[in-house]
Amino acid sequence: MGNEHSLPQNLALTTQFSEEELRRLGKRFKKLDIDKNGTISIEEFMSLPELQQNPLVRRVIDLFDTDRNGEIDFKEFVQGLSQFTVKGADKESKLKFAFKVYDIDQDGFISNGELFQVLKMMVGTNLKDVQLQQIVDKTILLMKPSW
């Protein structure tokens, strides 16, 4: 986790967490870091029963992983969690985060295919692909500007 003393101070300046909250998050991070390598893998996250049933957990973890190395370090963990706090990120940042969940290829747009993929994660096998595609198509049509 790096320098135990300076990291909470630095993160307290860039997030809405207090130093005490950051210390508690550090303890939780260490518990999640099963192999004690200083990062949390998707498998380590998925060891939590409450996350195993969440269809978007892998997508959110991808967004936490800002350096794209496949693992979450403490800084990424804290910055990612700060998007979910009441006193954390402003409304615009939260909306941007929600948008990124759907913008899989990170091109600044949500395509028909991306919307389908994310909704498929959420509904699983509860809808046939044809039914889901109809919902996606209607949604995309509703969102297109009428020039």
# chains A, B, ... in the order shown; residues from 1 in each chain; ligands from 1
>>> select_by_dssp(residues="range 33-119 of chain A", states="strand (DSSP E)", output="ChimeraX atom specification")
/A:39-41,71-73
>>> write_last_selection(atoms="all heavy atoms", output="PDB file, in the first residue's frame")
ATOM      1  N   THR A  39      -2.526  -5.455  -3.994  1.00  0.00           N
ATOM      2  CA  THR A  39      -3.591  -5.137  -4.939  1.00  0.00           C
ATOM      3  C   THR A  39      -4.725  -6.147  -4.753  1.00  0.00           C
ATOM      4  O   THR A  39      -4.540  -7.206  -4.157  1.00  0.00           O
ATOM      5  CB  THR A  39      -3.115  -5.197  -6.407  1.00  0.00           C
ATOM      6  OG1 THR A  39      -2.676  -6.527  -6.698  1.00  0.00           O
ATOM      7  CG2 THR A  39      -1.998  -4.204  -6.674  1.00  0.00           C
ATOM      8  N   ILE A  40      -5.898  -5.788  -5.298  1.00  0.00           N
ATOM      9  CA  ILE A  40      -7.048  -6.684  -5.219  1.00  0.00           C
ATOM     10  C   ILE A  40      -7.407  -7.084  -6.642  1.00  0.00           C
ATOM     11  O   ILE A  40      -7.634  -6.234  -7.504  1.00  0.00           O
ATOM     12  CB  ILE A  40      -8.257  -6.001  -4.549  1.00  0.00           C
ATOM     13  CG1 ILE A  40      -7.884  -5.499  -3.154  1.00  0.00           C
ATOM     14  CG2 ILE A  40      -9.432  -6.962  -4.467  1.00  0.00           C
ATOM     15  CD1 ILE A  40      -8.968  -4.654  -2.503  1.00  0.00           C
ATOM     16  N   SER A  41      -7.449  -8.388  -6.870  1.00  0.00           N
ATOM     17  CA  SER A  41      -7.828  -8.916  -8.183  1.00  0.00           C
ATOM     18  C   SER A  41      -9.344  -9.068  -8.256  1.00  0.00           C
ATOM     19  O   SER A  41     -10.043  -8.997  -7.240  1.00  0.00           O
ATOM     20  CB  SER A  41      -7.175 -10.276  -8.407  1.00  0.00           C
ATOM     21  OG  SER A  41      -7.727 -11.225  -7.504  1.00  0.00           O
ATOM     22  N   GLU A  71      -5.684  -5.233 -11.825  1.00  0.00           N
ATOM     23  CA  GLU A  71      -5.783  -5.282 -10.364  1.00  0.00           C
ATOM     24  C   GLU A  71      -6.032  -3.872  -9.837  1.00  0.00           C
ATOM     25  O   GLU A  71      -5.694  -2.883 -10.480  1.00  0.00           O
ATOM     26  CB  GLU A  71      -4.507  -5.856  -9.762  1.00  0.00           C
ATOM     27  CG  GLU A  71      -4.161  -7.229 -10.320  1.00  0.00           C
ATOM     28  CD  GLU A  71      -3.702  -8.187  -9.264  1.00  0.00           C
ATOM     29  OE1 GLU A  71      -3.006  -7.749  -8.328  1.00  0.00           O
ATOM     30  OE2 GLU A  71      -4.040  -9.373  -9.371  1.00  0.00           O
ATOM     31  N   ILE A  72      -6.616  -3.817  -8.645  1.00  0.00           N
ATOM     32  CA  ILE A  72      -6.951  -2.541  -8.021  1.00  0.00           C
ATOM     33  C   ILE A  72      -5.984  -2.288  -6.876  1.00  0.00           C
ATOM     34  O   ILE A  72      -5.885  -3.101  -5.946  1.00  0.00           O
ATOM     35  CB  ILE A  72      -8.398  -2.571  -7.454  1.00  0.00           C
ATOM     36  CG1 ILE A  72      -9.400  -3.034  -8.492  1.00  0.00           C
ATOM     37  CG2 ILE A  72      -8.770  -1.219  -6.859  1.00  0.00           C
ATOM     38  CD1 ILE A  72      -9.500  -2.185  -9.716  1.00  0.00           C
ATOM     39  N   ASP A  73      -5.239  -1.169  -6.945  1.00  0.00           N
ATOM     40  CA  ASP A  73      -4.388  -0.813  -5.812  1.00  0.00           C
ATOM     41  C   ASP A  73      -5.202   0.056  -4.842  1.00  0.00           C
ATOM     42  O   ASP A  73      -6.353   0.390  -5.124  1.00  0.00           O
ATOM     43  CB  ASP A  73      -3.087  -0.139  -6.261  1.00  0.00           C
ATOM     44  CG  ASP A  73      -3.287   1.177  -7.000  1.00  0.00           C
ATOM     45  OD1 ASP A  73      -4.284   1.891  -6.732  1.00  0.00           O
ATOM     46  OD2 ASP A  73      -2.438   1.506  -7.847  1.00  0.00           O
TER      47      ASP A  73
END
>>> residues_around(residues="Val60 in chain A", least_positions_apart="6", cutoff="10 Å", atoms="only C-alpha atoms", output="list of chain:residue names")
A:Gly80, A:Phe97, A:Ala98, A:Lys100, A:Val101
>>> write_last_selection(atoms="N, CA and C atoms", output="tab-separated table (two decimals), in the first residue's frame")
chain	number	residue	atom	x	y	z
A	80	GLY	N	-12.21	5.02	-6.54
A	80	GLY	CA	-13.42	4.40	-7.07
A	80	GLY	C	-14.56	4.46	-6.08
A	97	PHE	N	-19.41	8.77	-14.15
A	97	PHE	CA	-19.09	7.40	-13.77
A	97	PHE	C	-20.17	6.44	-14.27
A	98	ALA	N	-21.42	6.79	-14.06
A	98	ALA	CA	-22.53	5.96	-14.54
A	98	ALA	C	-22.48	5.81	-16.06
A	100	LYS	N	-19.81	5.90	-17.91
A	100	LYS	CA	-18.69	5.02	-18.24
A	100	LYS	C	-19.03	3.55	-18.08
A	101	VAL	N	-19.98	3.25	-17.20
A	101	VAL	CA	-20.40	1.85	-17.06
A	101	VAL	C	-20.90	1.32	-18.39
>>> residues_around(residues="Phe64 in chain A", least_positions_apart="2", cutoff="9 Å", atoms="only C-alpha atoms", output="list of chain:residue names")
A:Arg59, A:Val60, A:Ile61, A:Asp62, A:Thr66, A:Asp67, A:Arg68, A:Glu71, A:Ile72, A:Glu76, A:Phe77, A:Val78, A:Gln79, A:Gly80, A:Leu81
>>> write_last_selection(atoms="all heavy atoms", output="short mmCIF file (atom, residue, chain, number, x, y, z; two decimals), in the first residue's frame")
data_model
loop_
_atom_site.label_atom_id
_atom_site.label_comp_id
_atom_site.auth_asym_id
_atom_site.auth_seq_id
_atom_site.Cartn_x
_atom_site.Cartn_y
_atom_site.Cartn_z
N ARG A 59 -17.80 -4.90 -14.29
CA ARG A 59 -17.73 -3.65 -15.06
C ARG A 59 -17.27 -2.50 -14.16
O ARG A 59 -16.44 -1.68 -14.55
CB ARG A 59 -19.11 -3.35 -15.66
CG ARG A 59 -19.14 -2.18 -16.56
CD ARG A 59 -18.41 -2.44 -17.89
NE ARG A 59 -18.18 -1.16 -18.54
CZ ARG A 59 -16.99 -0.63 -18.75
NH1 ARG A 59 -15.90 -1.29 -18.47
NH2 ARG A 59 -16.88 0.55 -19.30
N VAL A 60 -17.78 -2.43 -12.94
CA VAL A 60 -17.37 -1.38 -12.00
C VAL A 60 -15.90 -1.55 -11.64
O VAL A 60 -15.15 -0.57 -11.58
CB VAL A 60 -18.28 -1.37 -10.75
CG1 VAL A 60 -17.73 -0.45 -9.68
CG2 VAL A 60 -19.70 -0.97 -11.14
N ILE A 61 -15.46 -2.79 -11.43
CA ILE A 61 -14.05 -3.04 -11.12
C ILE A 61 -13.18 -2.57 -12.28
O ILE A 61 -12.12 -1.97 -12.07
CB ILE A 61 -13.82 -4.52 -10.79
CG1 ILE A 61 -14.48 -4.86 -9.45
CG2 ILE A 61 -12.33 -4.84 -10.74
CD1 ILE A 61 -14.56 -6.34 -9.13
N ASP A 62 -13.63 -2.82 -13.52
CA ASP A 62 -12.89 -2.32 -14.68
C ASP A 62 -12.72 -0.81 -14.62
O ASP A 62 -11.67 -0.27 -14.99
CB ASP A 62 -13.61 -2.68 -15.99
CG ASP A 62 -13.47 -4.13 -16.37
OD1 ASP A 62 -12.59 -4.83 -15.83
OD2 ASP A 62 -14.26 -4.58 -17.22
N THR A 66 -7.87 2.11 -13.08
CA THR A 66 -7.54 3.21 -13.99
C THR A 66 -6.24 2.98 -14.75
O THR A 66 -6.07 3.51 -15.85
CB THR A 66 -7.46 4.55 -13.24
OG1 THR A 66 -6.52 4.44 -12.16
CG2 THR A 66 -8.83 4.95 -12.69
N ASP A 67 -5.32 2.18 -14.22
CA ASP A 67 -4.07 1.93 -14.95
C ASP A 67 -4.16 0.68 -15.83
O ASP A 67 -3.20 0.30 -16.49
CB ASP A 67 -2.87 1.85 -14.01
CG ASP A 67 -2.92 0.70 -13.03
OD1 ASP A 67 -3.83 -0.15 -13.12
OD2 ASP A 67 -2.04 0.64 -12.15
N ARG A 68 -5.33 0.03 -15.83
CA ARG A 68 -5.63 -1.11 -16.70
C ARG A 68 -4.65 -2.28 -16.56
O ARG A 68 -4.34 -2.96 -17.52
CB ARG A 68 -5.66 -0.67 -18.17
CG ARG A 68 -6.63 0.42 -18.48
CD ARG A 68 -8.03 -0.14 -18.61
NE ARG A 68 -9.00 0.93 -18.79
CZ ARG A 68 -9.92 1.22 -17.89
NH1 ARG A 68 -10.03 0.55 -16.80
NH2 ARG A 68 -10.76 2.20 -18.10
N GLU A 71 -5.68 -5.23 -11.82
CA GLU A 71 -5.78 -5.28 -10.36
C GLU A 71 -6.03 -3.87 -9.84
O GLU A 71 -5.69 -2.88 -10.48
CB GLU A 71 -4.51 -5.86 -9.76
CG GLU A 71 -4.16 -7.23 -10.32
CD GLU A 71 -3.70 -8.19 -9.26
OE1 GLU A 71 -3.01 -7.75 -8.33
OE2 GLU A 71 -4.04 -9.37 -9.37
N ILE A 72 -6.62 -3.82 -8.64
CA ILE A 72 -6.95 -2.54 -8.02
C ILE A 72 -5.98 -2.29 -6.88
O ILE A 72 -5.89 -3.10 -5.95
CB ILE A 72 -8.40 -2.57 -7.45
CG1 ILE A 72 -9.40 -3.03 -8.49
CG2 ILE A 72 -8.77 -1.22 -6.86
CD1 ILE A 72 -9.50 -2.18 -9.72
N GLU A 76 -6.61 3.38 -6.31
CA GLU A 76 -7.73 3.14 -7.22
C GLU A 76 -8.98 2.74 -6.43
O GLU A 76 -10.09 3.16 -6.76
CB GLU A 76 -7.38 2.05 -8.23
CG GLU A 76 -6.32 2.45 -9.23
CD GLU A 76 -5.82 1.29 -10.05
OE1 GLU A 76 -5.67 0.17 -9.53
OE2 GLU A 76 -5.56 1.50 -11.25
N PHE A 77 -8.79 1.92 -5.40
CA PHE A 77 -9.88 1.46 -4.54
C PHE A 77 -10.59 2.65 -3.91
O PHE A 77 -11.81 2.79 -3.99
CB PHE A 77 -9.28 0.53 -3.48
CG PHE A 77 -10.24 -0.05 -2.49
CD1 PHE A 77 -11.14 -1.04 -2.85
CD2 PHE A 77 -10.20 0.36 -1.16
CE1 PHE A 77 -12.01 -1.60 -1.92
CE2 PHE A 77 -11.05 -0.20 -0.22
CZ PHE A 77 -11.96 -1.19 -0.60
N VAL A 78 -9.82 3.54 -3.32
CA VAL A 78 -10.38 4.71 -2.63
C VAL A 78 -11.03 5.67 -3.62
O VAL A 78 -12.14 6.15 -3.39
CB VAL A 78 -9.30 5.42 -1.79
CG1 VAL A 78 -9.78 6.76 -1.27
CG2 VAL A 78 -8.87 4.53 -0.63
N GLN A 79 -10.34 5.95 -4.71
CA GLN A 79 -10.90 6.89 -5.69
C GLN A 79 -12.17 6.32 -6.31
O GLN A 79 -13.12 7.06 -6.57
CB GLN A 79 -9.86 7.22 -6.76
CG GLN A 79 -8.76 8.10 -6.19
CD GLN A 79 -7.63 8.37 -7.17
OE1 GLN A 79 -7.34 7.58 -8.06
NE2 GLN A 79 -6.97 9.50 -6.98
N GLY A 80 -12.21 5.02 -6.54
CA GLY A 80 -13.42 4.40 -7.07
C GLY A 80 -14.56 4.46 -6.08
O GLY A 80 -15.69 4.84 -6.44
N LEU A 81 -14.28 4.13 -4.83
CA LEU A 81 -15.33 4.17 -3.81
C LEU A 81 -15.85 5.58 -3.57
O LEU A 81 -17.02 5.76 -3.22
CB LEU A 81 -14.83 3.57 -2.49
CG LEU A 81 -14.64 2.07 -2.47
CD1 LEU A 81 -14.05 1.63 -1.13
CD2 LEU A 81 -15.95 1.34 -2.73
#
>>> residues_around(residues="Ile140 in chain A", least_positions_apart="2", cutoff="12 Å", atoms="only C-alpha atoms", output="VMD selection string")
chain A and resid 109 to 116 133 to 138 142 to 145
>>> closest_residue(among="A:Ser82, A:Leu48, A:Phe74, A:Pro55", to="Gln117 in chain A", atoms="only C-alpha atoms")
A:Pro55
>>> decode(residues="range 124-136 of chain A", atoms="N, CA, C and O atoms", output="CSV table (one decimal), in the first residue's frame")
chain,number,residue,atom,x,y,z
A,124,GLY,N,-29.3,-11.1,-17.6
A,124,GLY,CA,-28.9,-12.5,-17.7
A,124,GLY,C,-29.8,-13.2,-18.7
A,124,GLY,O,-29.9,-12.8,-19.8
A,125,THR,N,-30.3,-14.3,-18.3
A,125,THR,CA,-31.2,-15.2,-19.2
A,125,THR,C,-32.6,-14.9,-19.0
A,125,THR,O,-33.5,-15.7,-19.5
A,126,ASN,N,-33.0,-13.9,-18.3
A,126,ASN,CA,-34.4,-13.6,-18.0
A,126,ASN,C,-35.1,-13.1,-19.2
A,126,ASN,O,-36.4,-13.1,-19.3
A,127,LEU,N,-34.4,-12.5,-20.2
A,127,LEU,CA,-35.0,-12.1,-21.5
A,127,LEU,C,-34.2,-12.8,-22.6
A,127,LEU,O,-33.0,-13.0,-22.5
A,128,LYS,N,-35.0,-13.1,-23.7
A,128,LYS,CA,-34.3,-13.6,-24.9
A,128,LYS,C,-33.6,-12.4,-25.5
A,128,LYS,O,-33.9,-11.3,-25.4
A,129,ASP,N,-32.5,-12.8,-26.3
A,129,ASP,CA,-31.7,-11.7,-26.9
A,129,ASP,C,-32.5,-10.9,-27.8
A,129,ASP,O,-32.3,-9.6,-27.9
A,130,VAL,N,-33.5,-11.5,-28.5
A,130,VAL,CA,-34.4,-10.7,-29.4
A,130,VAL,C,-35.2,-9.7,-28.6
A,130,VAL,O,-35.3,-8.5,-29.0
A,131,GLN,N,-35.7,-10.1,-27.5
A,131,GLN,CA,-36.5,-9.1,-26.6
A,131,GLN,C,-35.6,-8.0,-26.1
A,131,GLN,O,-36.0,-6.8,-26.1
A,132,LEU,N,-34.4,-8.4,-25.7
A,132,LEU,CA,-33.5,-7.4,-25.2
A,132,LEU,C,-33.1,-6.4,-26.3
A,132,LEU,O,-33.0,-5.2,-26.1
A,133,GLN,N,-32.8,-6.9,-27.5
A,133,GLN,CA,-32.4,-6.0,-28.6
A,133,GLN,C,-33.6,-5.1,-28.9
A,133,GLN,O,-33.3,-3.9,-29.3
A,134,GLN,N,-34.8,-5.5,-28.8
A,134,GLN,CA,-35.9,-4.6,-29.1
A,134,GLN,C,-35.9,-3.5,-28.1
A,134,GLN,O,-36.2,-2.3,-28.4
A,135,ILE,N,-35.7,-3.8,-26.8
A,135,ILE,CA,-35.6,-2.7,-25.8
A,135,ILE,C,-34.5,-1.8,-26.1
A,135,ILE,O,-34.6,-0.5,-26.0
A,136,VAL,N,-33.3,-2.3,-26.5
A,136,VAL,CA,-32.2,-1.5,-26.8
A,136,VAL,C,-32.5,-0.6,-28.0
A,136,VAL,O,-32.2,0.6,-27.9
